[in-house]
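Have a look at entry.txt below; it lists compact mmCIF, C-alpha atoms.
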# COMPACT_ATOMS: atom_id res chain seq x y z
CA MET L 6 0.00 0.00 0.00
CA PRO L 7 1.27 3.55 -0.71
CA GLU L 8 2.62 5.50 2.23
CA VAL L 9 0.12 7.81 3.93
CA LEU L 10 1.09 11.47 4.18
CA THR L 11 -0.53 13.51 6.93
CA ARG L 12 -1.78 17.04 6.36
CA ARG L 13 1.12 18.31 8.44
CA ALA L 14 3.61 16.36 6.29
CA LEU L 15 2.08 17.83 3.13
CA ASN L 16 2.28 21.27 4.73
CA ARG L 17 5.99 20.86 5.44
CA ALA L 18 6.64 19.61 1.90
CA THR L 19 4.99 22.75 0.49
CA LEU L 20 6.97 25.04 2.77
CA ALA L 21 10.24 23.34 1.88
CA ARG L 22 9.70 23.47 -1.88
CA GLN L 23 8.46 27.06 -1.74
CA SER L 24 11.57 28.15 0.23
CA LEU L 25 9.42 29.09 3.23
CA LEU L 26 11.19 26.90 5.77
CA GLU L 27 14.46 28.71 5.16
CA ARG L 28 15.31 31.69 3.00
CA SER L 29 17.56 30.93 0.04
CA ALA L 30 20.53 32.77 -1.44
CA SER L 31 19.30 31.88 -4.94
CA PRO L 32 19.25 34.59 -7.63
CA VAL L 33 15.80 36.00 -8.35
CA PRO L 34 15.28 34.25 -11.73
CA GLU L 35 16.24 30.90 -10.21
CA MET L 36 13.77 31.41 -7.35
CA VAL L 37 10.97 32.47 -9.70
CA GLU L 38 11.47 29.25 -11.65
CA ARG L 39 11.83 27.15 -8.50
CA VAL L 40 8.40 28.19 -7.25
CA ALA L 41 6.85 27.86 -10.75
CA GLY L 42 6.13 31.57 -10.99
CA LEU L 43 4.38 33.99 -8.66
CA GLN L 44 0.79 35.08 -9.10
CA ALA L 45 1.11 38.79 -9.73
CA GLN L 46 -2.10 40.47 -10.81
CA THR L 47 -1.38 43.19 -8.26
CA PRO L 48 1.60 45.17 -9.55
CA HIS L 49 3.76 45.17 -6.39
CA THR L 50 2.71 42.69 -3.68
CA TRP L 51 4.67 39.84 -5.28
CA TYR L 52 7.85 41.59 -4.15
CA VAL L 53 6.91 40.49 -0.62
CA GLY L 54 6.67 36.93 -1.93
CA LEU L 55 10.29 37.08 -3.04
CA TRP L 56 11.38 38.87 0.15
CA SER L 57 9.88 35.99 2.17
CA ARG L 58 11.94 33.47 0.21
CA ILE L 59 15.29 35.12 -0.62
CA LEU L 60 18.06 36.26 1.71
CA ASP L 61 18.93 39.94 1.37
CA PHE L 62 16.35 40.37 -1.38
CA ASP L 63 16.82 43.58 -3.38
CA PRO L 64 13.55 44.78 -4.96
CA GLU L 65 15.33 47.25 -7.24
CA GLN L 66 17.38 44.43 -8.70
CA ALA L 67 14.19 42.42 -9.27
CA ALA L 68 12.58 45.43 -10.96
CA GLY L 69 15.61 45.68 -13.21
CA LEU L 70 14.92 42.12 -14.36
CA LEU L 71 11.52 43.29 -15.60
CA GLU L 72 13.19 46.12 -17.49
CA ASP L 73 15.82 43.91 -19.11
CA ARG L 74 13.14 41.31 -19.98
CA THR L 75 14.55 38.47 -17.91
CA LEU L 76 11.20 38.43 -16.09
CA VAL L 77 7.74 39.17 -17.45
CA ARG L 78 4.22 39.54 -16.10
CA ILE L 79 1.71 37.68 -18.27
CA ALA L 80 -1.63 35.86 -18.01
CA LEU L 81 -0.85 32.17 -17.47
CA MET L 82 -2.12 29.72 -14.87
CA ARG L 83 -5.82 30.06 -14.04
CA SER L 84 -5.87 32.89 -16.62
CA THR L 85 -4.30 35.16 -13.98
CA ILE L 86 -1.22 37.38 -14.27
CA HIS L 87 1.95 35.60 -13.14
CA LEU L 88 5.55 36.71 -12.81
CA VAL L 89 7.72 34.21 -14.68
CA THR L 90 11.06 34.06 -16.44
CA ALA L 91 11.16 34.74 -20.18
CA ARG L 92 11.79 31.09 -20.99
CA ASP L 93 8.88 29.88 -18.84
CA CYS L 94 6.68 32.48 -20.51
CA LEU L 95 7.50 31.09 -23.95
CA ARG L 96 7.07 27.44 -22.94
CA TRP L 97 3.99 27.74 -20.72
CA ARG L 98 1.80 30.24 -22.56
CA PRO L 99 0.99 27.79 -25.41
CA LEU L 100 0.00 25.15 -22.83
CA VAL L 101 -2.52 27.34 -21.03
CA GLU L 102 -3.90 29.16 -24.07
CA PRO L 103 -6.94 26.84 -24.21
CA VAL L 104 -7.70 27.71 -20.58
CA ILE L 105 -7.55 31.45 -21.27
CA GLY L 106 -9.71 30.94 -24.35
CA ARG L 107 -12.28 29.01 -22.31
CA VAL L 108 -12.45 31.75 -19.68
CA THR L 109 -12.84 34.41 -22.38
CA LYS L 110 -15.61 32.50 -24.10
CA GLY L 111 -17.44 32.08 -20.81
CA ALA L 112 -17.31 35.80 -20.07
CA PHE L 113 -17.76 37.27 -23.55
CA GLY L 114 -19.26 34.48 -25.66
CA ARG L 115 -22.44 36.35 -26.60
CA HIS L 116 -20.32 39.15 -28.10
CA LEU L 117 -18.25 36.73 -30.20
CA ARG L 118 -20.92 35.07 -32.33
CA ASP L 119 -20.17 35.14 -36.07
CA LEU L 120 -16.89 36.95 -35.41
CA ASP L 121 -13.67 36.00 -37.21
CA LEU L 122 -11.54 35.50 -34.09
CA ASP L 123 -8.37 34.88 -36.08
CA ALA L 124 -8.80 38.20 -37.87
CA VAL L 125 -9.35 40.02 -34.54
CA ALA L 126 -6.24 38.39 -33.05
CA ALA L 127 -4.11 39.29 -36.09
CA ALA L 128 -5.30 42.89 -36.03
CA GLY L 129 -4.71 43.12 -32.30
CA ARG L 130 -1.22 41.68 -32.55
CA ALA L 131 -0.30 44.25 -35.19
CA LEU L 132 -1.61 47.08 -33.01
CA VAL L 133 0.19 46.09 -29.78
CA GLU L 134 3.42 45.36 -31.61
CA GLU L 135 3.30 48.83 -33.13
CA ARG L 136 3.14 50.29 -29.61
CA PRO L 137 2.05 48.86 -26.22
CA LEU L 138 -1.63 49.48 -25.52
CA THR L 139 -4.00 49.22 -22.57
CA PHE L 140 -7.05 47.03 -23.11
CA GLY L 141 -9.19 50.15 -23.28
CA ALA L 142 -7.11 51.66 -26.06
CA LEU L 143 -6.80 48.33 -27.85
CA GLY L 144 -10.54 47.76 -27.74
CA LYS L 145 -11.23 51.24 -29.08
CA GLU L 146 -8.91 50.72 -32.05
CA LEU L 147 -10.32 47.28 -32.77
CA ALA L 148 -13.90 48.57 -32.61
CA ALA L 149 -13.05 50.91 -35.47
CA LEU L 150 -11.90 47.91 -37.51
CA PHE L 151 -14.86 45.69 -36.53
CA PRO L 152 -17.83 48.06 -36.41
CA GLY L 153 -20.76 47.15 -34.20
CA ARG L 154 -18.69 44.85 -31.98
CA ASP L 155 -18.14 45.25 -28.24
CA ALA L 156 -14.76 46.90 -27.68
CA ALA L 157 -13.99 45.09 -24.41
CA ALA L 158 -14.79 41.71 -25.96
CA LEU L 159 -12.53 42.43 -28.93
CA ALA L 160 -9.63 43.26 -26.60
CA GLN L 161 -10.23 40.04 -24.66
CA VAL L 162 -10.09 38.00 -27.86
CA VAL L 163 -6.58 39.34 -28.36
CA ARG L 164 -5.70 38.53 -24.73
CA ALA L 165 -6.85 34.96 -25.27
CA ARG L 166 -5.16 34.37 -28.61
CA VAL L 167 -1.99 36.47 -28.35
CA ALA L 168 0.53 36.09 -25.51
CA LEU L 169 0.38 39.60 -24.03
CA VAL L 170 2.96 40.78 -21.51
CA GLN L 171 2.48 43.84 -19.33
CA VAL L 172 5.36 46.18 -20.08
CA PRO L 173 7.28 48.35 -17.59
CA PRO L 174 6.96 50.69 -15.84
CA ARG L 175 3.92 48.66 -14.78
CA GLY L 176 5.02 46.58 -11.79
CA MET L 177 8.28 48.41 -11.13
CA TRP L 178 9.28 48.74 -7.47
CA GLY L 179 8.21 52.07 -6.02
CA ARG L 180 6.46 53.21 -9.19
CA SER L 181 4.11 51.92 -11.83
CA GLY L 182 2.38 52.88 -15.05
CA PRO L 183 -0.53 52.08 -17.34
CA ILE L 184 -1.50 48.44 -17.84
CA ALA L 185 -0.06 48.41 -21.35
CA HIS L 186 0.60 45.25 -23.33
CA THR L 187 2.60 43.98 -26.25
CA SER L 188 3.14 40.46 -27.52
CA ALA L 189 5.59 38.19 -25.74
CA GLU L 190 7.26 37.32 -29.04
CA HIS L 191 7.82 41.00 -29.83
CA TRP L 192 8.97 41.86 -26.30
CA LEU L 193 11.32 38.90 -25.95
CA GLY L 194 12.46 38.60 -29.54
CA ALA L 195 11.76 34.86 -29.60
CA PRO L 196 8.88 32.56 -30.59
CA GLN L 197 6.76 30.56 -28.22
CA GLU L 198 7.79 26.94 -27.82
CA ALA L 199 6.26 24.95 -30.67
CA ALA L 200 5.58 21.70 -28.79
CA PRO L 201 5.63 22.36 -25.04
CA SER L 202 5.59 19.30 -22.82
CA VAL L 203 2.70 18.80 -20.41
CA GLU L 204 4.82 16.20 -18.59
CA ASP L 205 7.54 18.80 -17.99
CA PHE L 206 4.89 21.21 -16.69
CA VAL L 207 3.61 18.58 -14.23
CA THR L 208 7.18 17.88 -13.11
CA ARG L 209 7.74 21.58 -12.45
CA TYR L 210 4.50 21.81 -10.49
CA LEU L 211 5.40 18.89 -8.22
CA ALA L 212 8.94 20.23 -7.71
CA ALA L 213 7.52 23.62 -6.71
CA PHE L 214 4.73 22.51 -4.41
CA ARG L 215 4.19 19.06 -2.87
CA PRO L 216 2.80 15.57 -3.44
CA ALA L 217 -0.42 16.37 -5.26
CA SER L 218 -3.59 14.91 -6.64
CA VAL L 219 -4.56 15.20 -10.28
CA LYS L 220 -7.18 17.73 -9.19
CA ASP L 221 -4.50 19.83 -7.47
CA VAL L 222 -2.46 20.14 -10.65
CA GLN L 223 -5.58 20.88 -12.69
CA ALA L 224 -6.68 23.56 -10.19
CA HIS L 225 -3.27 25.20 -10.49
CA CYS L 226 -3.24 25.52 -14.26
CA GLY L 227 -6.82 25.03 -15.45
CA LEU L 228 -5.90 22.18 -17.80
CA THR L 229 -8.04 19.04 -17.78
CA ARG L 230 -7.55 15.31 -18.42
CA LEU L 231 -4.21 15.30 -16.62
CA ARG L 232 -4.69 11.85 -15.11
CA GLU L 233 -3.81 10.30 -18.47
CA VAL L 234 -0.64 12.43 -18.46
CA MET L 235 0.40 11.71 -14.87
CA GLU L 236 -0.31 7.98 -14.57
CA PRO L 237 2.37 6.89 -17.12
CA MET L 238 5.01 9.24 -15.65
CA ASP L 239 7.77 7.95 -13.39
CA LEU L 240 6.14 9.23 -10.20
CA ARG L 241 5.83 7.88 -6.69
CA THR L 242 2.33 7.49 -5.26
CA PHE L 243 1.09 8.30 -1.76
CA ARG L 244 -2.23 8.43 0.04
CA THR L 245 -3.82 11.21 2.05
CA GLU L 246 -5.27 10.50 5.48
CA GLU L 247 -8.68 10.50 3.80
CA GLY L 248 -7.59 7.91 1.22
CA GLY L 249 -7.00 10.21 -1.74
CA GLU L 250 -4.25 9.47 -4.26
CA LEU L 251 -1.20 11.71 -4.52
CA TYR L 252 1.68 11.76 -7.01
CA ASP L 253 5.19 13.05 -6.42
CA LEU L 254 8.68 13.11 -7.86
CA PRO L 255 10.64 10.18 -6.42
CA ASP L 256 13.46 12.28 -4.97
CA ALA L 257 11.62 15.48 -4.04
CA PRO L 258 12.07 16.79 -0.48
CA ARG L 259 9.48 15.60 2.02
CA PRO L 260 10.58 16.87 5.43
CA ASP L 261 9.48 15.22 8.64
CA GLU L 262 6.14 16.60 9.75
CA ASP L 263 7.70 17.84 13.00
CA THR L 264 10.20 20.08 11.16
CA PRO L 265 9.98 23.56 12.74
CA ALA L 266 8.39 26.20 10.51
CA PRO L 267 9.22 29.88 11.06
CA VAL L 268 6.70 32.71 10.94
CA ARG L 269 6.29 33.94 7.39
CA PHE L 270 4.38 36.90 6.00
CA LEU L 271 2.96 35.92 2.62
CA TYR L 272 1.45 38.28 0.07
CA ASP L 273 -2.19 38.54 -0.93
CA TYR L 274 -2.14 36.09 -3.88
CA ASP L 275 0.67 33.77 -2.84
CA ASN L 276 0.60 30.52 -4.82
CA ALA L 277 1.76 28.63 -1.72
CA LEU L 278 -1.90 28.92 -0.65
CA LEU L 279 -3.75 29.04 -3.97
CA SER L 280 -2.33 26.38 -6.29
CA PHE L 281 -4.33 23.41 -5.03
CA ALA L 282 -7.81 21.95 -5.26
CA ASP L 283 -7.68 21.45 -1.48
CA ARG L 284 -6.27 24.64 0.04
CA THR L 285 -6.88 23.59 3.66
CA ARG L 286 -3.49 21.93 4.08
CA MET L 287 -1.95 25.32 4.86
CA GLY L 288 -4.53 25.98 7.58
CA THR L 289 -8.26 25.34 7.75
CA LEU L 290 -10.41 28.47 7.82
CA ASP L 291 -14.17 28.40 8.27
CA PRO L 292 -16.38 30.34 5.80
CA GLU L 293 -17.06 33.19 8.24
CA GLN L 294 -13.34 33.81 8.74
CA VAL L 295 -12.71 33.79 5.00
CA THR L 296 -15.53 36.27 4.39
CA ARG L 297 -14.31 38.65 7.09
CA ALA L 298 -10.60 38.41 6.32
CA TRP L 299 -10.80 38.35 2.51
CA PRO L 300 -13.73 40.59 1.50
CA GLU L 301 -15.25 40.30 -1.97
CA HIS L 302 -14.41 43.95 -2.67
CA GLY L 303 -11.53 46.04 -1.42
CA PRO L 304 -7.91 45.36 -0.50
CA VAL L 305 -6.97 41.76 0.23
CA PRO L 306 -4.81 41.38 3.35
CA GLY L 307 -1.73 39.20 3.43
CA PRO L 308 -1.73 35.88 5.31
CA VAL L 309 0.60 35.17 8.23
CA LEU L 310 1.89 31.64 8.69
CA VAL L 311 2.55 30.49 12.25
CA ASP L 312 3.90 26.94 12.48
CA GLY L 313 3.12 26.66 8.77
CA THR L 314 -0.58 27.44 9.24
CA VAL L 315 -2.56 30.53 8.25
CA ALA L 316 -3.04 32.00 11.71
CA ALA L 317 -3.59 35.69 10.98
CA THR L 318 -3.74 38.40 8.34
CA TRP L 319 -1.56 41.48 7.99
CA ALA L 320 -1.98 44.91 6.47
CA THR L 321 -0.04 48.19 6.58
CA ALA L 322 -1.10 51.81 6.83
CA ARG L 323 1.05 54.94 6.57
CA GLU L 324 0.48 58.28 8.27
CA ARG L 325 2.91 61.19 8.78
CA GLY L 326 6.07 59.17 8.26
CA THR L 327 4.97 56.22 10.39
CA THR L 328 4.06 52.88 8.83
CA THR L 329 2.00 50.59 11.03
CA LEU L 330 1.75 46.87 10.37
CA THR L 331 -1.36 45.35 11.94
CA VAL L 332 -1.52 41.60 12.48
CA THR L 333 -5.00 40.23 13.15
CA PRO L 334 -5.10 36.63 14.41
CA PHE L 335 -7.94 34.24 13.68
CA ALA L 336 -9.92 33.24 16.74
CA PRO L 337 -8.60 29.63 17.00
CA PHE L 338 -5.05 31.00 17.29
CA ALA L 339 -5.77 33.95 19.56
CA PRO L 340 -4.29 34.99 21.77
CA LEU L 341 -1.02 34.06 20.11
CA ALA L 342 1.35 32.16 22.36
CA ALA L 343 4.04 34.45 23.76
CA ARG L 344 6.80 32.83 21.70
CA ASP L 345 4.72 33.04 18.52
CA ARG L 346 3.79 36.66 19.22
CA ASP L 347 7.45 37.57 19.68
CA GLU L 348 8.35 35.88 16.40
CA VAL L 349 5.44 37.56 14.58
CA GLU L 350 6.51 40.97 15.88
CA ALA L 351 10.16 40.40 14.95
CA GLU L 352 9.32 39.23 11.42
CA GLY L 353 6.84 42.08 11.10
CA GLU L 354 9.56 44.58 11.96
CA ARG L 355 11.81 43.04 9.30
CA LEU L 356 8.98 43.35 6.79
CA LEU L 357 8.52 47.03 7.65
CA ARG L 358 12.22 47.68 7.17
CA PHE L 359 11.79 46.19 3.70
CA LEU L 360 8.58 48.02 2.77
CA ALA L 361 9.24 51.41 4.35
CA PRO L 362 12.92 51.70 5.31
CA ALA L 363 12.83 55.46 5.95
CA ASP L 364 9.72 55.47 8.15
CA THR L 365 9.10 54.99 11.83
CA HIS L 366 7.74 51.48 12.35
CA VAL L 367 4.95 50.14 14.54
CA VAL L 368 3.92 46.48 14.70
CA ARG L 369 0.53 45.94 16.30
CA VAL L 370 -1.23 42.66 17.11
CA ALA L 371 -4.95 43.37 17.03
CA ALA L 372 -7.93 41.63 18.56
CA PRO L 373 -8.80 38.39 16.73
CA TRP L 374 -11.23 38.10 13.86
What does this structure look like when you write it as structure tokens?
Amino acid sequence: MPEVLTRRALNRATLARQSLLERSASPVPEMVERVAGLQAQTPHTWYVGLWSRILDFDPEQAAGLLEDRTLVRIALMRSTIHLVTARDCLRWRPLVEPVIGRVTKGAFGRHLRDLDLDAVAAAGRALVEERPLTFGALGKELAALFPGRDAAALAQVVRARVALVQVPPRGMWGRSGPIAHTSAEHWLGAPQEAAPSVEDFVTRYLAAFRPASVKDVQAHCGLTRLREVMEPMDLRTFRTEEGGELYDLPDAPRPDEDTPAPVRFLYDYDNALLSFADRTRMGTLDPEQVTRAWPEHGPVPGPVLVDGTVAATWATARERGTTTLTVTPFAPFAPLAARDRDEVEAEGERLLRFLAPADTHVVRVAAPW
């Protein structure tokens, strides 16, 4: 019978592979590839994701990698913007294009009837390669070429069928710019990979996360029918405590479940929490807590891991040269044990020195949710 992995063991495997048990001295591009990209639809919060994983992380140096095109921000897994290296952009975008197309059809299908989608994509590619455009500007120009069609839907056809990267200064540390796009091929001066390997993608997922079910991998990327891909691969199988089947790379790290896990401040859309069908292995939250902590509208707070579990949220506010970081525990973890509170406050102070080095800093642990 396959070995059973407890939830705590799966938690520790995720933390180890995501460099959240111990910060790494790896260069930024190597880390971005190690964690299989960072979800990055917000222009700046992903910098905290790298700070949590890399020793002496320099955000200006990371921003420079966007400028020199080593890194790009592009719609990939789950049709969301991810920060990836140029080579992962060119190999992964063809794989997930059907997913992005499916999402676009679901949202805009009624506007696309009897429309030559190839012609829209070709026209859109020509426009964004002439100069980077926002979706608003792209839609306006396409509407002039395809009279009577919805401008937003036309722009989304191009997003689905052309690999569009967001160009700097959007996403630069300490500044930003319009959400302007051009094609990945134009920006990077290279074609997309002609025959990308789904098996290689699965291997990268497992290396970046943990022993996973087929549904976990599918939830991460949006692709379907992955069982027929994973079953023939040279993978080791495990069982969850509930009897579910998991696959893993034979030699991937699986630390002992009692391995200590330091406090870590994650960012709002950290893939360490999101890239699974079952997200409870990083801490079980009841629906009321989720609703209160992560509102449907408005800013999304960052999660705080204590002993590898989501135990609190964090948010910052700045007033008159003072930046205050407020940590709000969830009721099952409150009050925080004295040792945990000390570690939360110390890591919070380090985070403030990263986010607002010139300010006065205050770390506050609030009443629980």
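For the pair atom CA of L:Ala372 and atom CA of L:Arg12, the separation is 28.1 Å.
Put simply, atom CA of L:Pro103 is 8.9 Å away from atom CA of L:Arg166.
Residues in contact with L:Thr328 at up to 10 Å, not including ones fewer than 3 positions away on its chain and judged by only C-alpha atoms, are Thr321, Ala322, Arg323, Glu324, Arg325, Thr331, Leu357, Arg358, Leu360, Ala361, Pro362, Ala363, Asp364, Thr365, His366, Val367 and Val368 of chain L.
Taking only C-alpha atoms into account, L:Ser188 lies nearest to L:Glu134 out of the set L:Glu233, L:Glu204, L:Glu134, L:Glu8.
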Between L:Trp97, L:Phe243, L:Phe62, L:Tyr272, which one has atoms that come closest to L:Pro304, using all atoms listed in the file? L:Tyr272
Do you have, as a Markdown table, the list of residues of stretch 214-264 of chain L lying at most 10 Å from stretch 23-39 of chain L, each with its nearest atom pair and that distance in Å to one decimal, counting all atoms listed in the file and ordered by chain then number?
| residue | atom | partner | partner_atom | distance |
| --- | --- | --- | --- | --- |
| L:Phe214 | CA | L:Gln23 | CA | 6.5 |
| L:Arg215 | CA | L:Gln23 | CA | 9.1 |
| L:Thr264 | CA | L:Leu26 | CA | 8.7 |
Long-range neighbours of L:Val311 as number ranges by chain, 12 Å cut-off, only C-alpha atoms, 4 positions minimum in chain: L: 16, 20, 25-26, 265-271, 287-288, 315-318, 332, 334-335, 338-339, 341-342, 344-350, 352
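Of the residues under consideration (L:Glu198, L:Asp61, L:Glu250, L:Asp312), L:Asp312 shows the shortest atom-to-atom contact distance to L:Asp263 when counting only C-alpha atoms.
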Can you list, as a compact mmCIF listing (two decimals) with C-alpha atoms, keeping the file's coordinate frame, every protein, DNA or RNA residue that comes within 6 Å of stretch 217-219 of chain L when you count only C-alpha atoms, leaving out same-chain residues fewer than 2 positions away?
# COMPACT_ATOMS: atom_id res chain seq x y z
CA ARG L 215 4.19 19.06 -2.87
CA ASP L 221 -4.50 19.83 -7.47
CA VAL L 222 -2.46 20.14 -10.65
CA ARG L 232 -4.69 11.85 -15.11
CA GLU L 250 -4.25 9.47 -4.26
CA LEU L 251 -1.20 11.71 -4.52
CA TYR L 252 1.68 11.76 -7.01
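Atom CA of L:Leu95 is positioned 25.2 Å from atom CA of L:Val53.
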Which residues of stretch 163-213 of chain L come within 9 Å of stretch 121-133 of chain L, and what is each one's closest atom pair and distance in Å (one decimal), counting all atoms listed in the file, sorted by chain and residue number, as JSON lines?
{"residue": "L:Val163", "atom": "CA", "partner": "L:Ala126", "partner_atom": "CA", "distance": 4.8}
{"residue": "L:Arg164", "atom": "CA", "partner": "L:Ala126", "partner_atom": "CA", "distance": 8.3}
{"residue": "L:Ala165", "atom": "CA", "partner": "L:Ala126", "partner_atom": "CA", "distance": 8.5}
{"residue": "L:Arg166", "atom": "CA", "partner": "L:Ala126", "partner_atom": "CA", "distance": 6.1}
{"residue": "L:Val167", "atom": "CA", "partner": "L:Ala126", "partner_atom": "CA", "distance": 6.6}
{"residue": "L:Leu169", "atom": "CA", "partner": "L:Val133", "partner_atom": "CA", "distance": 8.7}
{"residue": "L:Ala185", "atom": "CA", "partner": "L:Val133", "partner_atom": "CA", "distance": 8.7}
{"residue": "L:His186", "atom": "CA", "partner": "L:Val133", "partner_atom": "CA", "distance": 6.5}
{"residue": "L:Thr187", "atom": "CA", "partner": "L:Val133", "partner_atom": "CA", "distance": 4.8}
{"residue": "L:Ser188", "atom": "CA", "partner": "L:Val133", "partner_atom": "CA", "distance": 6.7}
Within 8 Å of L:Gln46 using all atoms listed in the file, minus same-chain residues under 3 positions, as a PDB file with C-alpha atoms, keeping the file's coordinate frame:
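Final file, out30.pdb:
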ATOM      1  CA  THR L  85      -4.300  35.160 -13.980  1.00  0.00           C
ATOM      2  CA  ILE L  86      -1.220  37.380 -14.270  1.00  0.00           C
ATOM      3  CA  HIS L  87       1.950  35.600 -13.140  1.00  0.00           C
TER       4      HIS L  87
END
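In this comparison, which uses all atoms listed in the file, the residue of L:Asp283, L:Asp261, L:Glu146, L:Asp256 approaching L:Asp239 most closely is L:Asp256.
Counting only C-alpha atoms and comparing L:Pro183, L:Pro7, L:Pro174, L:Pro48, the residue that lies closest to L:Tyr274 is L:Pro48.
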Shell of 12 Å around L:Asp205, only C-alpha atoms, local chain residues under 3 positions omitted, as a ChimeraX atom specification: /L:41,93,96-97,100,200-202,208-212,234-235,238-239,254
